[in-house]
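Chemist: Have a look at this one.
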There are 4 protein chains.
Amino acid sequence: MPSEFKIIRRVEFSETDMVGIVHYSNFFRFMETAEHAFFRSIGYSIVSNQTNPPVGWPRVHASCDFRQPLRFEDEVEVHMIVTEKKSKSLSYEFRFRKLNANPIVEVARGKLTVVCVTCDPQGKMTATHIPREIAEKIEVAKPL
Amino acid sequence: MPSEFKIIRRVEFSETDMVGIVHYSNFFRFMETAEHAFFRSIGYSIVSNQTNPPVGWPRVHASCDFRQPLRFEDEVEVHMIVTEKKSKSLSYEFRFRKLNANPIVEVARGKLTVVCVTCDPQGKMTATHIPREIAEKIEVAKPL
Amino acid sequence: MPSEFKIIRRVEFSETDMVGIVHYSNFFRFMETAEHAFFRSIGYSIVSNQTNPPVGWPRVHASCDFRQPLRFEDEVEVHMIVTEKKSKSLSYEFRFRKLNANPIVEVARGKLTVVCVTCDPQGKMTATHIPREIAEKIEVAKPL
Amino acid sequence: MPSEFKIIRRVEFSETDMVGIVHYSNFFRFMETAEHAFFRSIGYSIVSNQTNPPVGWPRVHASCDFRQPLRFEDEVEVHMIVTEKKSKSLSYEFRFRKLNANPIVEVARGKLTVVCVTCDPQGKMTATHIPREIAEKIEVAKPL
């Protein structure tokens, strides 16, 4: 059962800052891009009406440890694994590896915890059980 | 009647790129920030249910000419004027001035055209007349 | 001789806004991503020390006309063509097409003009002739 | 001696996502904006040549816990305190409060650890002692 996913992206110019490295806030965007690709890999979109009621996945915790910088046009692999599956939340870990280094080097590690919610018409979010059809497709990975 | 607005912002670190200057896409964010402050100044939010039906303002044209770069911690004044008010659209011009230069220098000029729309439940947008209570509060400015 | 390039990207969650569509400033990021891939296709990076002296390419004009919105997970093709090659500047046009529409639909058109510059140690930019080894690899495209 | 700082910002349209709330990556931008204002308050810029040699402050750890969403035009106070001052690093904590709520509500808490570095001409960073003139102006705050 799916429990991990890898994406590769090339660092874009607009993701760099005046120090010449990827601005750290972008690592959180990259994590999410891997998560969303993981959801597509199991047949779902992170934002959709595929379940009844529709559910959303706001982040309740995010962290990242940065070891080495990424620079313009670097190729970075974002490797996501599912580390916890509770009735109403999922947790992930991420490894960022710079592929155009020799040898390939891990540049950062991240974590996310997301909660499954329903939204009322005013936008108020309430935690809810992960729909069974989604939960059945997600497995906790072996630790890296 | 209101026809212009000025905001001042300090360039943030995350708005710079590896060349050490403000990434050009941010000038379009800055224009919008001035527009939204202008709307607040006449008692409206650019996104709200204050009118019946609610209306939105997607951009149909945006342009900018860049003369000099902005850098981290520069103070920039964004001066917006209304240049055209049609039944279903508004056009603006923008002057960007670097206030921490001596003398103060114009660094960029921009233009936006936005259309008043309603959205159906699926998100499809249809151009509509600007609600009278909004149109009555906006006047075309004298050219700069 | 190379005179155009196409890239495809999938709209990311962080590129959407509260209206549910891609924020218009991102179209300017997408244009640049196509331009930088074009430069790589001719053996250069848009930011490098490959020439002596090193040159940069600040934007002096950018514009975009928006016809239809893009949404989360849409696949967009950005087709860039070189429309003008002067001694110190290049101009491009861009067509944005939504590939996951049936039929495929053009959603936006953009333009960029960039100037070739050298930078002194203080970061001051001065327009300069496009290095011959780069100019020789770029040709003006036939109009679309 | 300075050990904390508060800034207030209004949520901008481009900071929202399709769910209608501030994209979580922006909380990391907001933290940094408070940090940079704190540095200005003690007479320094986070990026400058004011010390010999010049120093930079890359992030080595960042985390945030999200309790409630922020929305367009919300006013958020970012309260930063210095929680640790080591010879080569600083740690901060952040409280995000939504000021236009009644009562005012804490919406998120964050942490950052930044390391003082020098850069060689190739951009390689090496951890270094915090320059005395800066260290003397920063004090660890009482816990919140």
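In the structure tokens, the first chain shown is A, the next is B, and so on; residue numbers restart at 1 for each chain, and ligands run from 1 in the order shown.
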Counting only C-alpha atoms, which residues of chain B sit at most 10 Å from some atom of chain D, and what is each one's closest atom pair with its distance in Å to one decimal, listed by chain and rising residue number, as CSV?
Modeler:
residue,atom,partner,partner_atom,distance
B:Val11,CA,D:Thr33,CA,9.9
B:Glu12,CA,D:Thr33,CA,6.8
B:Phe13,CA,D:Thr33,CA,7.6
B:Ser14,CA,D:Arg29,CA,6.8
B:Glu15,CA,D:Arg29,CA,9.7
B:Asn26,CA,D:Ser14,CA,10.0
B:Phe28,CA,D:Ser14,CA,9.9
B:Arg29,CA,D:Ser14,CA,6.8
B:Phe30,CA,D:Glu12,CA,9.6
B:Glu32,CA,D:Phe13,CA,8.1
B:Thr33,CA,D:Glu12,CA,6.8
B:His36,CA,D:Phe13,CA,8.4
B:Ala37,CA,D:Glu73,CA,9.7
B:Arg40,CA,D:Glu73,CA,9.7
B:Ser45,CA,D:Glu73,CA,8.5
B:Ile46,CA,D:Phe13,CA,9.0
B:Val47,CA,D:Phe72,CA,8.4
B:Phe72,CA,D:Val47,CA,8.4
B:Glu73,CA,D:Ser45,CA,8.5
Chemist: Using DSSP secondary structure from the backbone, list all helix (DSSP H, G or I) positions within chain B, as a PyMOL selection string.
Modeler: chain B and resi 13-15+25-41+132-135
Chemist: Could the residues in this selection be saved with N, CA, C and O atoms as a JSON list (two decimals), in the first residue's frame?
Modeler:
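New file again-v4.json:
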[["chain", "number", "residue", "atom", "x", "y", "z"],
["B", 13, "PHE", "N", 12.94, 40.75, 2.80],
["B", 13, "PHE", "CA", 14.01, 39.86, 2.35],
["B", 13, "PHE", "C", 13.50, 38.82, 1.35],
["B", 13, "PHE", "O", 14.15, 38.55, 0.33],
["B", 14, "SER", "N", 12.33, 38.25, 1.63],
["B", 14, "SER", "CA", 11.82, 37.18, 0.77],
["B", 14, "SER", "C", 11.36, 37.71, -0.59],
["B", 14, "SER", "O", 11.02, 36.92, -1.47],
["B", 15, "GLU", "N", 11.34, 39.01, -0.76],
["B", 15, "GLU", "CA", 10.96, 39.60, -2.04],
["B", 15, "GLU", "C", 12.17, 39.83, -2.96],
["B", 15, "GLU", "O", 12.00, 40.22, -4.11],
["B", 25, "SER", "N", 8.14, 39.98, -10.29],
["B", 25, "SER", "CA", 6.75, 39.57, -10.06],
["B", 25, "SER", "C", 6.14, 40.28, -8.85],
["B", 25, "SER", "O", 4.93, 40.43, -8.76],
["B", 26, "ASN", "N", 6.99, 40.70, -7.91],
["B", 26, "ASN", "CA", 6.47, 41.35, -6.71],
["B", 26, "ASN", "C", 5.88, 42.73, -6.98],
["B", 26, "ASN", "O", 5.02, 43.19, -6.24],
["B", 27, "PHE", "N", 6.34, 43.39, -8.04],
["B", 27, "PHE", "CA", 5.74, 44.69, -8.36],
["B", 27, "PHE", "C", 4.24, 44.53, -8.63],
["B", 27, "PHE", "O", 3.45, 45.43, -8.34],
["B", 28, "PHE", "N", 3.86, 43.38, -9.17],
["B", 28, "PHE", "CA", 2.44, 43.14, -9.42],
["B", 28, "PHE", "C", 1.69, 42.88, -8.12],
["B", 28, "PHE", "O", 0.53, 43.27, -7.99],
["B", 29, "ARG", "N", 2.35, 42.26, -7.15],
["B", 29, "ARG", "CA", 1.75, 42.12, -5.83],
["B", 29, "ARG", "C", 1.60, 43.50, -5.17],
["B", 29, "ARG", "O", 0.58, 43.80, -4.54],
["B", 30, "PHE", "N", 2.61, 44.35, -5.33],
["B", 30, "PHE", "CA", 2.55, 45.67, -4.70],
["B", 30, "PHE", "C", 1.42, 46.51, -5.29],
["B", 30, "PHE", "O", 0.75, 47.27, -4.59],
["B", 31, "MET", "N", 1.24, 46.41, -6.63],
["B", 31, "MET", "CA", 0.14, 47.17, -7.25],
["B", 31, "MET", "C", -1.19, 46.80, -6.61],
["B", 31, "MET", "O", -2.00, 47.65, -6.27],
["B", 32, "GLU", "N", -1.37, 45.51, -6.46],
["B", 32, "GLU", "CA", -2.64, 45.01, -5.94],
["B", 32, "GLU", "C", -2.85, 45.46, -4.49],
["B", 32, "GLU", "O", -3.98, 45.74, -4.09],
["B", 33, "THR", "N", -1.77, 45.49, -3.74],
["B", 33, "THR", "CA", -1.89, 45.92, -2.35],
["B", 33, "THR", "C", -2.39, 47.37, -2.29],
["B", 33, "THR", "O", -3.21, 47.71, -1.43],
["B", 34, "ALA", "N", -1.91, 48.19, -3.21],
["B", 34, "ALA", "CA", -2.39, 49.58, -3.26],
["B", 34, "ALA", "C", -3.87, 49.61, -3.66],
["B", 34, "ALA", "O", -4.67, 50.34, -3.06],
["B", 35, "GLU", "N", -4.25, 48.82, -4.63],
["B", 35, "GLU", "CA", -5.64, 48.76, -5.07],
["B", 35, "GLU", "C", -6.56, 48.34, -3.92],
["B", 35, "GLU", "O", -7.63, 48.92, -3.71],
["B", 36, "HIS", "N", -6.14, 47.34, -3.15],
["B", 36, "HIS", "CA", -6.99, 46.84, -2.08],
["B", 36, "HIS", "C", -7.13, 47.87, -0.96],
["B", 36, "HIS", "O", -8.19, 47.99, -0.34],
["B", 37, "ALA", "N", -6.05, 48.60, -0.71],
["B", 37, "ALA", "CA", -6.11, 49.68, 0.29],
["B", 37, "ALA", "C", -7.03, 50.79, -0.21],
["B", 37, "ALA", "O", -7.78, 51.40, 0.57],
["B", 38, "PHE", "N", -7.00, 51.06, -1.52],
["B", 38, "PHE", "CA", -7.92, 52.05, -2.11],
["B", 38, "PHE", "C", -9.36, 51.60, -1.89],
["B", 38, "PHE", "O", -10.21, 52.42, -1.48],
["B", 39, "PHE", "N", -9.65, 50.34, -2.13],
["B", 39, "PHE", "CA", -11.01, 49.85, -1.91],
["B", 39, "PHE", "C", -11.42, 50.00, -0.44],
["B", 39, "PHE", "O", -12.54, 50.42, -0.14],
["B", 40, "ARG", "N", -10.52, 49.68, 0.46],
["B", 40, "ARG", "CA", -10.85, 49.86, 1.88],
["B", 40, "ARG", "C", -11.13, 51.33, 2.18],
["B", 40, "ARG", "O", -12.01, 51.65, 2.98],
["B", 41, "SER", "N", -10.40, 52.23, 1.49],
["B", 41, "SER", "CA", -10.56, 53.66, 1.76],
["B", 41, "SER", "C", -11.94, 54.17, 1.35],
["B", 41, "SER", "O", -12.41, 55.20, 1.84],
["B", 132, "ARG", "N", -23.73, 49.97, -8.31],
["B", 132, "ARG", "CA", -23.81, 51.43, -8.28],
["B", 132, "ARG", "C", -23.17, 52.03, -7.04],
["B", 132, "ARG", "O", -22.49, 53.05, -7.10],
["B", 133, "GLU", "N", -23.36, 51.34, -5.87],
["B", 133, "GLU", "CA", -22.83, 51.90, -4.63],
["B", 133, "GLU", "C", -21.30, 51.96, -4.65],
["B", 133, "GLU", "O", -20.70, 52.79, -3.97],
["B", 134, "ILE", "N", -20.68, 51.09, -5.43],
["B", 134, "ILE", "CA", -19.21, 51.16, -5.58],
["B", 134, "ILE", "C", -18.84, 52.20, -6.65],
["B", 134, "ILE", "O", -17.99, 53.07, -6.43],
["B", 135, "ALA", "N", -19.50, 52.11, -7.79],
["B", 135, "ALA", "CA", -19.18, 53.01, -8.91],
["B", 135, "ALA", "C", -19.31, 54.47, -8.49],
["B", 135, "ALA", "O", -18.52, 55.33, -8.92]]
Chemist: Might you pull out every residue within 8 Å of His79 in chain C, with only C-alpha atoms counted and same-chain residues fewer than 3 positions away left off, and present them as number ranges by chain?
Modeler: C: 4-7, 34, 94-96
Chemist: Keeping only N, CA and C atoms, take the residues you just selected and write them out as a PDB file, in the first residue's frame.
Modeler:
ATOM      1  N   GLU C   4      12.576  29.483 -29.903  1.00  0.00           N
ATOM      2  CA  GLU C   4      11.384  29.269 -29.079  1.00  0.00           C
ATOM      3  C   GLU C   4      11.620  28.112 -28.127  1.00  0.00           C
ATOM      4  N   PHE C   5      10.714  27.980 -27.173  1.00  0.00           N
ATOM      5  CA  PHE C   5      10.793  26.889 -26.211  1.00  0.00           C
ATOM      6  C   PHE C   5       9.422  26.700 -25.584  1.00  0.00           C
ATOM      7  N   LYS C   6       9.146  25.452 -25.182  1.00  0.00           N
ATOM      8  CA  LYS C   6       7.892  25.156 -24.481  1.00  0.00           C
ATOM      9  C   LYS C   6       8.198  24.416 -23.188  1.00  0.00           C
ATOM     10  N   ILE C   7       7.530  24.832 -22.149  1.00  0.00           N
ATOM     11  CA  ILE C   7       7.576  24.060 -20.905  1.00  0.00           C
ATOM     12  C   ILE C   7       6.138  23.728 -20.506  1.00  0.00           C
ATOM     13  N   ALA C  34      10.084  29.595 -18.382  1.00  0.00           N
ATOM     14  CA  ALA C  34      10.254  29.190 -19.788  1.00  0.00           C
ATOM     15  C   ALA C  34      11.518  29.820 -20.384  1.00  0.00           C
ATOM     16  N   PHE C  94       4.732  35.114 -25.102  1.00  0.00           N
ATOM     17  CA  PHE C  94       4.365  33.865 -24.431  1.00  0.00           C
ATOM     18  C   PHE C  94       2.891  33.561 -24.682  1.00  0.00           C
ATOM     19  N   ARG C  95       2.598  32.284 -24.931  1.00  0.00           N
ATOM     20  CA  ARG C  95       1.220  31.804 -24.980  1.00  0.00           C
ATOM     21  C   ARG C  95       1.050  30.779 -23.868  1.00  0.00           C
ATOM     22  N   PHE C  96       0.037  30.973 -23.052  1.00  0.00           N
ATOM     23  CA  PHE C  96      -0.293  30.001 -22.001  1.00  0.00           C
ATOM     24  C   PHE C  96      -1.486  29.172 -22.463  1.00  0.00           C
TER      25      PHE C  96
END
Chemist: Could you list, as number ranges by chain, every residue within 8 Å of Arg59 in chain B, counting only C-alpha atoms and ignoring same-chain residues fewer than 4 positions away?
Modeler: B: 112-115; C: 24, 66
Chemist: With C-alpha atoms kept, could you save the residues just selected as a CSV table (one decimal), in the first residue's frame?
Modeler:
chain,number,residue,atom,x,y,z
B,112,LEU,CA,-3.8,47.2,-14.4
B,113,THR,CA,-7.3,46.6,-15.9
B,114,VAL,CA,-9.8,44.7,-13.7
B,115,VAL,CA,-13.2,43.4,-14.6
C,24,TYR,CA,-1.8,36.7,-11.6
C,66,PHE,CA,-5.6,37.1,-19.0
Chemist: Excluding range 119-126 of chain D and residues on its chain fewer than 2 positions from it, collect all residues at most 12 Å away from it, counting only C-alpha atoms, and give them as a tab-separated table (two decimals) with all heavy atoms, in the first residue's frame.
Modeler:
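Output below, filename around.tsv:
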chain	number	residue	atom	x	y	z
A	18	MET	N	18.37	37.18	-1.95
A	18	MET	CA	19.55	38.01	-2.23
A	18	MET	C	20.85	37.38	-1.73
A	18	MET	O	21.93	37.85	-2.12
A	18	MET	CB	19.37	39.40	-1.60
A	18	MET	CG	19.32	39.39	-0.10
A	18	MET	SD	18.99	41.02	0.59
A	18	MET	CE	20.51	41.88	0.26
A	19	VAL	N	20.78	36.38	-0.88
A	19	VAL	CA	21.99	35.69	-0.47
A	19	VAL	C	22.41	34.67	-1.53
A	19	VAL	O	23.52	34.14	-1.50
A	19	VAL	CB	21.79	35.04	0.93
A	19	VAL	CG1	22.97	34.18	1.34
A	19	VAL	CG2	21.55	36.13	1.99
A	20	GLY	N	21.52	34.40	-2.48
A	20	GLY	CA	21.87	33.51	-3.57
A	20	GLY	C	21.40	32.09	-3.36
A	20	GLY	O	21.76	31.19	-4.13
A	21	ILE	N	20.61	31.87	-2.30
A	21	ILE	CA	20.15	30.51	-2.00
A	21	ILE	C	18.62	30.48	-1.97
A	21	ILE	O	17.96	31.52	-1.95
A	21	ILE	CB	20.73	30.02	-0.66
A	21	ILE	CG1	20.22	30.86	0.52
A	21	ILE	CG2	22.26	30.08	-0.71
A	21	ILE	CD1	20.72	30.38	1.88
A	67	ARG	N	20.50	21.88	6.36
A	67	ARG	CA	21.91	21.54	6.51
A	67	ARG	C	22.79	22.24	5.50
A	67	ARG	O	23.90	22.65	5.79
A	67	ARG	CB	22.08	20.03	6.35
A	67	ARG	CG	21.32	19.27	7.40
A	67	ARG	CD	21.46	17.79	7.17
A	67	ARG	NE	20.72	17.07	8.20
A	67	ARG	CZ	20.77	15.78	8.39
A	67	ARG	NH1	21.54	15.03	7.62
A	67	ARG	NH2	20.07	15.21	9.34
A	68	GLN	N	22.32	22.29	4.28
A	68	GLN	CA	23.10	22.92	3.22
A	68	GLN	C	22.15	23.71	2.34
A	68	GLN	O	20.97	23.34	2.20
A	68	GLN	CB	23.80	21.85	2.36
A	68	GLN	CG	24.93	21.15	3.07
A	68	GLN	CD	25.81	20.39	2.09
A	68	GLN	OE1	25.88	20.72	0.91
A	68	GLN	NE2	26.48	19.37	2.58
A	69	PRO	N	22.63	24.75	1.72
A	69	PRO	CA	21.73	25.55	0.88
A	69	PRO	C	21.47	24.89	-0.48
A	69	PRO	O	22.25	24.07	-0.95
A	69	PRO	CB	22.48	26.86	0.70
A	69	PRO	CG	23.92	26.51	0.88
A	69	PRO	CD	23.97	25.35	1.84
A	70	LEU	N	20.37	25.25	-1.08
A	70	LEU	CA	20.09	24.95	-2.49
A	70	LEU	C	20.22	26.24	-3.27
A	70	LEU	O	19.93	27.33	-2.76
A	70	LEU	CB	18.67	24.40	-2.65
A	70	LEU	CG	18.43	22.98	-2.15
A	70	LEU	CD1	16.94	22.64	-2.23
A	70	LEU	CD2	19.24	21.98	-2.99
A	71	ARG	N	20.65	26.11	-4.53
A	71	ARG	CA	20.87	27.28	-5.37
A	71	ARG	C	20.11	27.15	-6.70
A	71	ARG	O	19.63	26.07	-7.04
A	71	ARG	CB	22.37	27.47	-5.63
A	71	ARG	CG	23.14	27.78	-4.34
A	71	ARG	CD	24.64	27.88	-4.53
A	71	ARG	NE	25.32	27.85	-3.25
A	71	ARG	CZ	25.53	28.91	-2.47
A	71	ARG	NH1	25.15	30.10	-2.88
A	71	ARG	NH2	26.13	28.80	-1.31
B	18	MET	N	18.30	36.30	-6.25
B	18	MET	CA	19.74	36.07	-6.16
B	18	MET	C	20.57	37.17	-6.79
B	18	MET	O	21.79	37.23	-6.55
B	18	MET	CB	20.10	34.72	-6.79
B	18	MET	CG	19.89	34.67	-8.27
B	18	MET	SD	20.21	33.03	-8.96
B	18	MET	CE	21.98	32.90	-8.81
C	49	ASN	N	28.64	32.77	-14.85
C	49	ASN	CA	29.91	33.40	-15.18
C	49	ASN	C	30.46	32.84	-16.48
C	49	ASN	O	31.66	32.86	-16.71
C	49	ASN	CB	30.91	33.15	-14.04
C	49	ASN	CG	30.43	33.79	-12.76
C	49	ASN	OD1	29.88	34.89	-12.78
C	49	ASN	ND2	30.63	33.11	-11.65
D	47	VAL	N	21.23	41.83	6.62
D	47	VAL	CA	22.18	41.65	5.51
D	47	VAL	C	22.93	42.96	5.33
D	47	VAL	O	22.37	43.95	4.87
D	47	VAL	CB	21.47	41.32	4.19
D	47	VAL	CG1	22.49	41.06	3.09
D	47	VAL	CG2	20.54	40.13	4.34
D	49	ASN	N	27.10	45.08	5.45
D	49	ASN	CA	28.55	45.07	5.60
D	49	ASN	C	28.96	45.87	6.84
D	49	ASN	O	30.06	46.38	6.91
D	49	ASN	CB	29.20	45.69	4.35
D	49	ASN	CG	28.90	44.86	3.12
D	49	ASN	OD1	28.87	43.65	3.19
D	49	ASN	ND2	28.65	45.55	2.01
D	52	ASN	N	32.96	43.65	10.28
D	52	ASN	CA	34.14	43.24	9.52
D	52	ASN	C	34.65	41.93	10.11
D	52	ASN	O	35.17	41.93	11.22
D	52	ASN	CB	35.23	44.31	9.60
D	52	ASN	CG	36.43	43.95	8.75
D	52	ASN	OD1	36.44	42.92	8.08
D	52	ASN	ND2	37.46	44.78	8.83
D	53	PRO	N	34.53	40.79	9.42
D	53	PRO	CA	33.94	40.65	8.09
D	53	PRO	C	32.42	40.73	8.14
D	53	PRO	O	31.85	40.58	9.23
D	53	PRO	CB	34.40	39.24	7.68
D	53	PRO	CG	34.46	38.49	8.96
D	53	PRO	CD	34.95	39.49	9.99
D	54	PRO	N	31.78	40.94	6.98
D	54	PRO	CA	30.32	40.89	6.96
D	54	PRO	C	29.83	39.50	7.37
D	54	PRO	O	30.49	38.50	7.10
D	54	PRO	CB	29.97	41.14	5.48
D	54	PRO	CG	31.19	41.75	4.88
D	54	PRO	CD	32.36	41.21	5.66
D	55	VAL	N	28.69	39.45	8.04
D	55	VAL	CA	28.12	38.15	8.44
D	55	VAL	C	26.71	38.00	7.89
D	55	VAL	O	26.03	38.98	7.62
D	55	VAL	CB	28.09	37.99	9.98
D	55	VAL	CG1	29.51	37.91	10.53
D	55	VAL	CG2	27.30	39.12	10.64
D	56	GLY	N	26.32	36.76	7.73
D	56	GLY	CA	24.95	36.43	7.33
D	56	GLY	C	24.32	35.53	8.37
D	56	GLY	O	24.99	35.07	9.29
D	57	TRP	N	23.02	35.27	8.22
D	57	TRP	CA	22.27	34.54	9.25
D	57	TRP	C	21.36	33.47	8.65
D	57	TRP	O	20.13	33.56	8.77
D	57	TRP	CB	21.43	35.53	10.07
D	57	TRP	CG	22.23	36.59	10.78
D	57	TRP	CD1	22.59	37.80	10.31
D	57	TRP	CD2	22.76	36.49	12.11
D	57	TRP	NE1	23.32	38.49	11.25
D	57	TRP	CE2	23.44	37.71	12.38
D	57	TRP	CE3	22.74	35.50	13.11
D	57	TRP	CZ2	24.10	37.95	13.58
D	57	TRP	CZ3	23.38	35.76	14.31
D	57	TRP	CH2	24.06	36.98	14.54
D	58	PRO	N	21.91	32.43	8.01
D	58	PRO	CA	21.03	31.40	7.48
D	58	PRO	C	20.27	30.67	8.59
D	58	PRO	O	20.75	30.54	9.71
D	58	PRO	CB	21.99	30.44	6.76
D	58	PRO	CG	23.32	30.70	7.40
D	58	PRO	CD	23.32	32.15	7.77
D	59	ARG	N	19.08	30.21	8.22
D	59	ARG	CA	18.23	29.48	9.14
D	59	ARG	C	18.67	28.01	9.17
D	59	ARG	O	18.90	27.42	8.11
D	59	ARG	CB	16.77	29.51	8.61
D	59	ARG	CG	15.97	30.76	8.87
D	59	ARG	CD	16.26	31.85	7.83
D	59	ARG	NE	17.13	32.85	8.40
D	59	ARG	CZ	16.70	33.89	9.11
D	59	ARG	NH1	15.42	34.13	9.20
D	59	ARG	NH2	17.54	34.72	9.67
D	88	LYS	N	27.57	31.27	18.42
D	88	LYS	CA	27.43	31.34	16.96
D	88	LYS	C	26.00	31.26	16.46
D	88	LYS	O	25.78	31.15	15.24
D	88	LYS	CB	28.25	30.19	16.32
D	88	LYS	CG	29.74	30.25	16.62
D	88	LYS	CD	30.50	29.12	15.93
D	88	LYS	CE	32.00	29.23	16.22
D	88	LYS	NZ	32.78	28.16	15.57
D	115	VAL	N	22.08	30.81	12.37
D	115	VAL	CA	23.51	30.71	12.65
D	115	VAL	C	24.24	31.88	11.99
D	115	VAL	O	23.91	32.27	10.88
D	115	VAL	CB	24.07	29.37	12.12
D	115	VAL	CG1	25.58	29.33	12.21
D	115	VAL	CG2	23.47	28.21	12.90
D	116	CYS	N	25.19	32.42	12.71
D	116	CYS	CA	26.01	33.51	12.18
D	116	CYS	C	27.11	32.91	11.30
D	116	CYS	O	27.85	32.03	11.74
D	116	CYS	CB	26.62	34.29	13.35
D	116	CYS	SG	27.45	35.80	12.85
D	117	VAL	N	27.20	33.38	10.06
D	117	VAL	CA	28.19	32.82	9.13
D	117	VAL	C	28.94	33.92	8.39
D	117	VAL	O	28.45	35.04	8.23
D	117	VAL	CB	27.55	31.89	8.07
D	117	VAL	CG1	26.77	30.73	8.71
D	117	VAL	CG2	26.66	32.67	7.11
D	128	THR	N	30.49	31.28	12.38
D	128	THR	CA	31.47	32.16	13.02
D	128	THR	C	30.85	32.76	14.28
D	128	THR	O	29.64	32.70	14.49
D	128	THR	CB	31.91	33.27	12.04
D	128	THR	OG1	33.04	33.94	12.59
D	128	THR	CG2	30.80	34.30	11.83
D	129	HIS	N	31.71	33.32	15.13
D	129	HIS	CA	31.21	33.96	16.34
D	129	HIS	C	30.37	35.18	15.98
D	129	HIS	O	30.72	35.94	15.06
D	129	HIS	CB	32.37	34.37	17.25
D	129	HIS	CG	33.01	33.20	17.92
D	129	HIS	ND1	32.59	32.73	19.15
D	129	HIS	CD2	33.99	32.36	17.51
D	129	HIS	CE1	33.31	31.67	19.48
D	129	HIS	NE2	34.17	31.41	18.51
Chemist: Just list as a list in words whatever in range 36-88 of chain B DSSP marks as strand (DSSP E).
Modeler: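 Here are the strand (DSSP E) residues of range 36-88 of chain B: Arg59, Val60, His61, Ala62, Ser63, Cys64, Asp65, Phe66, Glu75, Val76, Glu77, Val78, His79, Met80, Ile81, Val82, Thr83, Glu84 and Lys85 of chain B.
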Chemist: Report, in Å to a single decimal, how far apart CA of Asp17 in chain B and CA of Val105 in chain B are.
Modeler: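 CA of Asp17 in chain B lies 21.5 Å from CA of Val105 in chain B.
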Chemist: Could you give me, as a VMD selection string, the residues within 7 Å of Arg10 in chain C, counting only C-alpha atoms and dropping anything in the same chain fewer than 4 positions from it?
Modeler: chain C and resid 73 to 76
Chemist: With N, CA, C and O atoms kept, could you save the residues just selected as a tab-separated table (two decimals), in the first residue's frame?
Modeler:
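File selection-v2.tsv, as written:
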chain	number	residue	atom	x	y	z
C	73	GLU	N	-3.81	22.18	-9.98
C	73	GLU	CA	-3.52	20.93	-10.70
C	73	GLU	C	-3.77	21.01	-12.20
C	73	GLU	O	-3.59	20.01	-12.90
C	74	ASP	N	-4.17	22.18	-12.71
C	74	ASP	CA	-4.22	22.34	-14.17
C	74	ASP	C	-2.81	22.15	-14.73
C	74	ASP	O	-1.82	22.50	-14.09
C	75	GLU	N	-2.76	21.63	-15.95
C	75	GLU	CA	-1.49	21.52	-16.66
C	75	GLU	C	-1.42	22.65	-17.67
C	75	GLU	O	-2.28	22.75	-18.55
C	76	VAL	N	-0.40	23.48	-17.55
C	76	VAL	CA	-0.30	24.64	-18.43
C	76	VAL	C	0.99	24.55	-19.25
C	76	VAL	O	2.06	24.26	-18.73
Chemist: Between CA of Ile130 in chain D and CA of Lys142 in chain D, measure the distance and give it in Å to one decimal.
Modeler: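 Calculated distance between CA of Ile130 in chain D and CA of Lys142 in chain D is 21.2 Å.
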